[in-house]
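Pasting my_file_35.txt here (compact mmCIF, C-alpha atoms):
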# COMPACT_ATOMS: atom_id res chain seq x y z
CA GLU A 214 64.94 104.77 78.69
CA LYS A 215 62.10 102.40 77.87
CA GLU A 216 61.04 101.20 74.43
CA TRP A 217 58.39 98.95 72.86
CA ASN A 218 58.98 97.29 69.49
CA ILE A 219 56.48 95.53 67.23
CA GLY A 220 57.98 93.94 64.13
CA LEU A 221 56.65 92.28 60.97
CA GLY A 222 58.72 90.63 58.26
CA ILE A 223 58.73 88.29 55.29
CA ALA A 224 61.49 86.10 53.85
CA ASP A 225 61.78 84.09 50.62
CA LYS A 226 63.08 80.66 51.72
CA LEU A 227 63.33 79.21 48.20
CA GLU A 228 60.49 76.64 48.45
CA PHE A 229 58.31 78.55 50.93
CA ASP A 230 57.85 81.98 52.48
CA SER A 231 58.21 82.70 56.16
CA TYR A 232 56.41 85.51 57.96
CA GLU A 233 57.88 86.91 61.16
CA ALA A 234 56.24 88.84 63.96
CA LEU A 235 57.70 89.96 67.26
CA VAL A 236 56.91 91.91 70.40
CA GLU A 237 59.88 93.33 72.27
CA TYR A 238 60.32 95.47 75.37
CA GLU A 239 63.66 96.95 76.37
CA TRP A 240 64.60 99.33 79.14
CA ALA A 241 67.55 100.77 81.06
CA ALA A 242 67.48 99.22 84.53
CA ALA A 243 70.39 101.40 85.69
CA ASP A 244 73.08 103.64 84.24
CA ARG A 245 74.82 101.69 81.42
CA LEU A 246 72.71 98.57 82.09
CA GLY A 247 70.05 97.52 79.59
CA LEU A 248 67.52 94.66 79.69
CA GLU A 249 65.31 93.17 76.97
CA VAL A 250 62.44 90.69 76.63
CA GLU A 251 61.26 89.45 73.22
CA LEU A 252 58.67 87.00 71.89
CA PRO A 253 59.23 86.20 68.18
CA PHE A 254 56.75 84.20 66.06
CA THR A 255 57.25 82.57 62.63
CA PHE A 256 54.52 81.46 60.23
CA TYR A 257 55.11 79.55 56.97
CA SER A 258 53.42 79.43 53.58
CA PRO A 259 54.40 77.00 50.74
CA MET A 260 55.05 78.15 47.20
CA GLU A 261 52.24 77.60 44.73
CA GLY A 262 51.79 73.93 43.89
CA LEU A 263 53.50 72.59 47.01
CA PRO A 264 51.52 70.84 49.80
CA ARG A 265 51.14 72.54 53.18
CA ASP A 266 52.86 69.69 54.99
CA SER A 267 56.04 70.35 52.98
CA VAL A 268 56.86 73.41 55.08
CA PRO A 269 57.75 73.72 58.78
CA SER A 270 55.03 74.13 61.36
CA ASP A 271 54.15 77.61 62.60
CA GLN A 272 55.72 78.43 65.93
CA LEU A 273 56.41 80.75 68.79
CA ASP A 274 60.16 80.64 68.30
CA ALA A 275 61.56 81.39 71.73
CA LEU A 276 61.49 83.40 74.90
CA LYS A 277 64.42 85.78 74.47
CA LEU A 278 65.98 87.48 77.50
CA ALA A 279 68.99 89.77 77.17
CA VAL A 280 71.20 91.95 79.33
CA GLN A 281 73.85 94.43 78.20
CA TRP A 282 76.38 96.34 80.31
CA SER A 283 78.41 99.22 78.86
CA PHE A 284 81.71 98.76 80.67
CA TYR A 285 83.62 101.45 78.76
CA VAL A 286 82.40 104.89 77.64
CA ASN A 287 84.83 107.52 76.35
CA PRO A 288 83.05 110.73 75.26
CA LYS A 289 86.27 112.31 73.94
CA GLN A 290 86.87 109.43 71.56
CA ALA A 291 83.13 108.95 70.96
CA LEU A 292 83.71 105.27 71.74
CA SER A 293 81.82 102.76 73.86
CA MET A 294 82.09 99.05 74.54
CA ALA A 295 79.58 96.67 76.07
CA LEU A 296 79.33 93.06 77.16
CA GLY A 297 76.04 91.22 77.03
CA TYR A 298 74.25 87.92 77.13
CA LEU A 299 71.22 86.78 75.12
CA ASN A 300 69.37 83.60 76.12
CA GLU A 301 66.83 82.01 73.77
CA LEU A 302 64.67 79.31 75.34
CA GLU A 303 63.27 77.61 72.23
CA PHE A 304 59.64 76.40 72.11
CA SER A 305 58.45 73.34 70.23
CA ASP A 306 56.45 74.21 67.09
CA PHE A 307 52.65 74.44 67.26
CA ASP A 308 52.20 70.88 65.95
CA ASN A 309 54.20 69.57 68.92
CA PHE A 310 53.51 72.34 71.43
CA GLY A 311 53.84 70.97 74.95
CA LYS A 312 55.41 67.70 73.72
CA PRO A 313 57.76 69.00 75.10
CA LEU A 314 57.15 72.70 75.72
CA PHE A 315 60.82 73.61 75.23
CA LYS A 316 62.99 71.82 72.67
CA GLY A 317 66.29 73.59 73.25
CA ASN A 318 68.24 76.64 74.30
CA VAL A 319 70.62 79.08 72.64
CA TYR A 320 73.39 80.64 74.75
CA ASN A 321 74.76 83.83 73.20
CA PRO A 322 77.36 85.95 75.04
CA PHE A 323 78.38 88.95 72.95
CA LEU A 324 80.61 92.01 72.68
CA VAL A 325 79.53 95.36 71.20
CA VAL A 326 81.92 98.13 70.13
CA ALA A 327 80.38 101.41 68.92
CA LYS A 328 82.19 104.43 67.51
CA ARG A 329 80.98 107.81 66.23
CA TRP A 330 83.02 109.44 63.45
CA GLY A 331 82.53 113.19 63.42
CA HIS A 332 78.98 114.25 64.26
CA ASN A 333 76.80 112.09 62.04
CA PHE A 334 78.54 108.85 61.07
CA HIS A 335 78.33 105.82 63.35
CA SER A 336 79.87 102.35 63.18
CA LEU A 337 79.22 99.26 65.30
CA ILE A 338 80.58 95.74 65.72
CA TYR A 339 78.49 93.02 67.39
CA THR A 340 80.11 89.61 67.81
CA GLY A 341 79.84 86.44 69.85
CA PRO A 342 79.17 82.69 69.68
CA GLN A 343 75.69 81.21 69.42
CA ILE A 344 75.71 77.87 71.26
CA GLU A 345 72.53 75.90 70.51
CA GLN A 346 71.63 72.89 72.64
CA ASN A 347 68.97 70.34 71.71
CA PHE A 348 67.39 69.06 74.93
CA LYS A 349 66.25 65.72 73.48
CA SER A 350 69.44 64.62 71.71
CA GLY A 351 71.90 66.62 73.78
CA GLU A 352 73.53 67.78 70.55
CA VAL A 353 75.31 71.15 70.70
CA ASP A 354 76.04 73.32 67.63
CA THR A 355 78.14 76.49 67.70
CA THR A 356 77.94 79.39 65.25
CA LEU A 357 80.12 82.50 65.37
CA GLU A 358 78.17 85.69 64.65
CA ILE A 359 80.01 88.82 63.45
CA ASN A 360 77.78 91.77 62.57
CA THR A 361 79.16 95.12 61.42
CA SER A 362 77.15 98.22 60.57
CA PHE A 363 77.64 101.79 59.40
CA HIS A 364 75.01 104.53 59.67
CA TYR A 365 74.54 108.18 58.81
CA MET A 366 72.39 110.09 61.29
CA VAL A 367 70.36 112.93 59.78
CA PRO A 368 71.34 116.09 61.75
CA GLY A 369 68.82 117.23 64.35
CA THR A 370 66.67 114.08 64.08
CA ASP A 371 66.51 110.43 65.17
CA ASN A 372 66.51 109.37 61.51
CA PHE A 373 69.29 107.37 59.91
CA ILE A 374 70.20 105.40 56.81
CA GLY A 375 72.83 102.69 56.79
CA MET A 376 74.05 99.22 55.96
CA GLU A 377 74.53 96.17 58.18
CA PHE A 378 76.58 93.10 57.27
CA ASN A 379 75.46 89.91 59.05
CA LYS A 380 78.11 87.19 58.98
CA PHE A 381 77.68 83.68 60.43
CA LEU A 382 80.52 81.15 60.51
CA LYS A 383 79.54 77.52 61.14
CA ALA A 384 81.48 74.33 60.42
CA GLY A 385 83.91 76.27 58.26
CA GLU A 386 81.18 77.81 56.09
CA LEU A 387 80.53 81.57 55.98
CA ASP A 388 77.00 82.91 55.42
CA VAL A 389 76.72 86.64 54.63
CA THR A 390 73.58 88.79 54.41
CA LEU A 391 73.50 92.48 53.48
CA ARG A 392 70.88 94.54 55.29
CA PRO A 393 70.29 98.08 53.97
CA GLN A 394 68.18 99.90 56.52
CA MET A 395 66.65 103.17 57.61
CA ARG A 396 64.79 104.65 60.56
CA LEU A 397 62.23 107.46 60.37
CA GLY A 398 60.77 109.50 63.20
CA ILE A 399 56.99 109.80 62.81
CA SER A 400 56.49 111.77 66.02
CA GLU A 401 58.42 112.41 69.24
CA GLU A 402 57.33 109.01 70.56
CA ILE A 403 56.99 106.84 67.44
CA LEU A 404 59.64 105.74 64.96
CA VAL A 405 59.60 103.24 62.09
CA GLY A 406 62.54 101.06 61.10
CA ILE A 407 62.73 99.37 57.69
CA VAL A 408 65.29 96.67 56.82
CA ALA A 409 65.87 94.59 53.68
CA GLY A 410 67.90 91.38 53.66
CA ILE A 411 69.94 90.23 50.65
CA SER A 412 71.65 86.87 51.08
CA LEU A 413 74.94 86.49 49.22
CA ASN A 414 74.87 82.69 49.59
CA ARG A 415 71.26 82.18 48.47
CA ASP A 416 71.32 78.54 49.58
CA GLU A 417 68.56 78.93 52.20
CA GLU A 418 67.15 82.42 51.60
CA ARG A 419 67.02 84.84 48.68
CA PHE A 420 65.47 88.04 50.01
CA SER A 421 63.77 89.32 53.13
CA ALA A 422 62.17 92.52 54.41
CA PHE A 423 61.32 93.64 57.92
CA MET A 424 59.51 96.63 59.42
CA ARG A 425 59.71 97.63 63.07
CA LEU A 426 57.35 100.05 64.86
CA ILE A 427 59.18 101.66 67.80
CA TYR A 428 57.31 103.36 70.64
CA GLU A 429 59.24 105.43 73.18
CA PRO A 430 56.79 106.82 75.77
CA GLY A 431 57.36 110.55 76.20
CA ASP A 432 57.23 110.44 80.00
CA TRP A 433 60.19 108.03 80.03
CA ARG A 434 62.47 109.55 77.36
Written as structure tokens, that's how I'd like the structure from this file.
Amino acid sequence: EKEWNIGLGIADKLEFDSYEALVEYEWAAADRLGLEVELPFTFYSPMEGLPRDSVPSDQLDALKLAVQWSFYVNPKQALSMALGYLNELEFSDFDNFGKPLFKGNVYNPFLVVAKRWGHNFHSLIYTGPQIEQNFKSGEVDTTLEINTSFHYMVPGTDNFIGMEFNKFLKAGELDVTLRPQMRLGISEEILVGIVAGISLNRDEERFSAFMRLIYEPGDWR
């Protein structure tokens, strides 16, 4: 399997809006072994009446490289488990680009457990620590990520509707975001994913929306 993703999103960050864009390529290098490369960008716009220098600088966020190995697959139980690692080499923002080029790194080992219930209902747990290192100060911050999701697959299609719960635990504080989502097949090779984000904490973000264009070349499916 090989897949291209192009994503566009917007988020209300209370005093400014952020606009996200990403290009992602993922493929199966071998049976049960997946690889991924992603380049995410973020652009910022202040709320009306606020100066431009009151918001963060636009940036190429990071070079993301990931690997995932499905170490357990049980067709009878419709259950699979995978171990993976995501590395995010963080770039300096555009105002300081090259001074230095990289400002830090995020180390993210993770575990995925996926289960199908009956023929059309699917659940998934994704969890692991995010260990962020600042190269200049040497400071290290750790956040525990626990994401759970539940989806209904429309019979005979690649379409689904579902809900994802993103939970981040850092310094004893829990941040929760609800993400209702859906995926629609436009053709045999092209799908569209749509996700909304509703923060329950609302201390850094109120609402977000994201759309992903997925291209799966027919010769490789």
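Taking CA of Val250 in chain A and CA of Glu418 in chain A as the two end points, the separation is 26.8 Å.
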Hey, can I get the axis-aligned box for range 256-273 of chain A? All listed atoms, 5 Å padding on each side, centre and edge lengths in Å to one decimal, as AutoDock Vina command-line options.
--center_x 54.4 --center_y 75.6 --center_z 56.3 --size_x 16.6 --size_y 21.8 --size_z 34.9
Counting only C-alpha atoms, figure out which residue out of A:Thr255, A:Thr356, A:Asn333, A:Gln394 gets nearest to Phe307 in chain A. A:Thr255
Write out as a PyMOL selection string the residues lying within 8 Å of range 270-286 of chain A, counting all atoms listed in the file and excluding same-chain residues fewer than 3 positions away. chain A and resi 245-257+291-308
If you count all atoms listed in the file, which residues fall within 12 Å of Asn379 in chain A, apart from same-chain ones fewer than 6 positions away, as number ranges by chain? A: 337-340, 357-362, 387-393, 409-414
Keeping C-alpha atoms for every residue in the selection just given, could you write it to a file as a PDB file, keeping the file's coordinate frame?
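Saved as again.pdb:
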ATOM      1  CA  LEU A 337      79.220  99.260  65.300  1.00  0.00           C
ATOM      2  CA  ILE A 338      80.580  95.740  65.720  1.00  0.00           C
ATOM      3  CA  TYR A 339      78.490  93.020  67.390  1.00  0.00           C
ATOM      4  CA  THR A 340      80.110  89.610  67.810  1.00  0.00           C
ATOM      5  CA  LEU A 357      80.120  82.500  65.370  1.00  0.00           C
ATOM      6  CA  GLU A 358      78.170  85.690  64.650  1.00  0.00           C
ATOM      7  CA  ILE A 359      80.010  88.820  63.450  1.00  0.00           C
ATOM      8  CA  ASN A 360      77.780  91.770  62.570  1.00  0.00           C
ATOM      9  CA  THR A 361      79.160  95.120  61.420  1.00  0.00           C
ATOM     10  CA  SER A 362      77.150  98.220  60.570  1.00  0.00           C
ATOM     11  CA  LEU A 387      80.530  81.570  55.980  1.00  0.00           C
ATOM     12  CA  ASP A 388      77.000  82.910  55.420  1.00  0.00           C
ATOM     13  CA  VAL A 389      76.720  86.640  54.630  1.00  0.00           C
ATOM     14  CA  THR A 390      73.580  88.790  54.410  1.00  0.00           C
ATOM     15  CA  LEU A 391      73.500  92.480  53.480  1.00  0.00           C
ATOM     16  CA  ARG A 392      70.880  94.540  55.290  1.00  0.00           C
ATOM     17  CA  PRO A 393      70.290  98.080  53.970  1.00  0.00           C
ATOM     18  CA  ALA A 409      65.870  94.590  53.680  1.00  0.00           C
ATOM     19  CA  GLY A 410      67.900  91.380  53.660  1.00  0.00           C
ATOM     20  CA  ILE A 411      69.940  90.230  50.650  1.00  0.00           C
ATOM     21  CA  SER A 412      71.650  86.870  51.080  1.00  0.00           C
ATOM     22  CA  LEU A 413      74.940  86.490  49.220  1.00  0.00           C
ATOM     23  CA  ASN A 414      74.870  82.690  49.590  1.00  0.00           C
TER      24      ASN A 414
END
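With only C-alpha atoms as the atoms that count, the residue of A:Lys349, A:Lys289, A:Arg396, A:Lys383 with the shortest distance to Met366 in chain A is A:Arg396.
Closest approach to Asp266 in chain A among A:Met395, A:Phe229, A:Phe310, A:Gln343 is made by A:Phe229 (distances from only C-alpha atoms).
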Polymer residues at most 7 Å from Tyr428 in chain A, all atoms listed in the file, same-chain spacing of 5 or more positions, as an MDAnalysis selection string: chainID A and resid 216:218 402:404
Two-atom distance - CA of Gly369 in chain A, CA of His332 in chain A (Å): 10.6 Å
Got a sec to check which residues sit within 9 Å of (74.1, 112.7, 61.5), counting only C-alpha atoms, and write them as a PyMOL selection string? chain A and resi 331-335+364-373
Residues within 6 Å of Ser336 in chain A, please, as a PyMOL selection string. Count all atoms listed in the file; anything in the same chain fewer than 5 positions from it doesn't count. chain A and resi 327-328+362-363
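Among the candidate residues A:Ser350, A:Lys316, A:Gly398, A:Glu214, the one lying nearest to Ala242 in chain A is A:Glu214, with distances computed using all atoms listed in the file.
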Go through A:Asp230, A:Lys380, A:Leu221, A:Arg329 one by one, measure the shortest atom-to-atom distance of each to Glu417 in chain A using only C-alpha atoms, and give the residue with the smallest value. A:Asp230
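CA of Ser421 in chain A is found 29.7 Å from CA of Trp330 in chain A.
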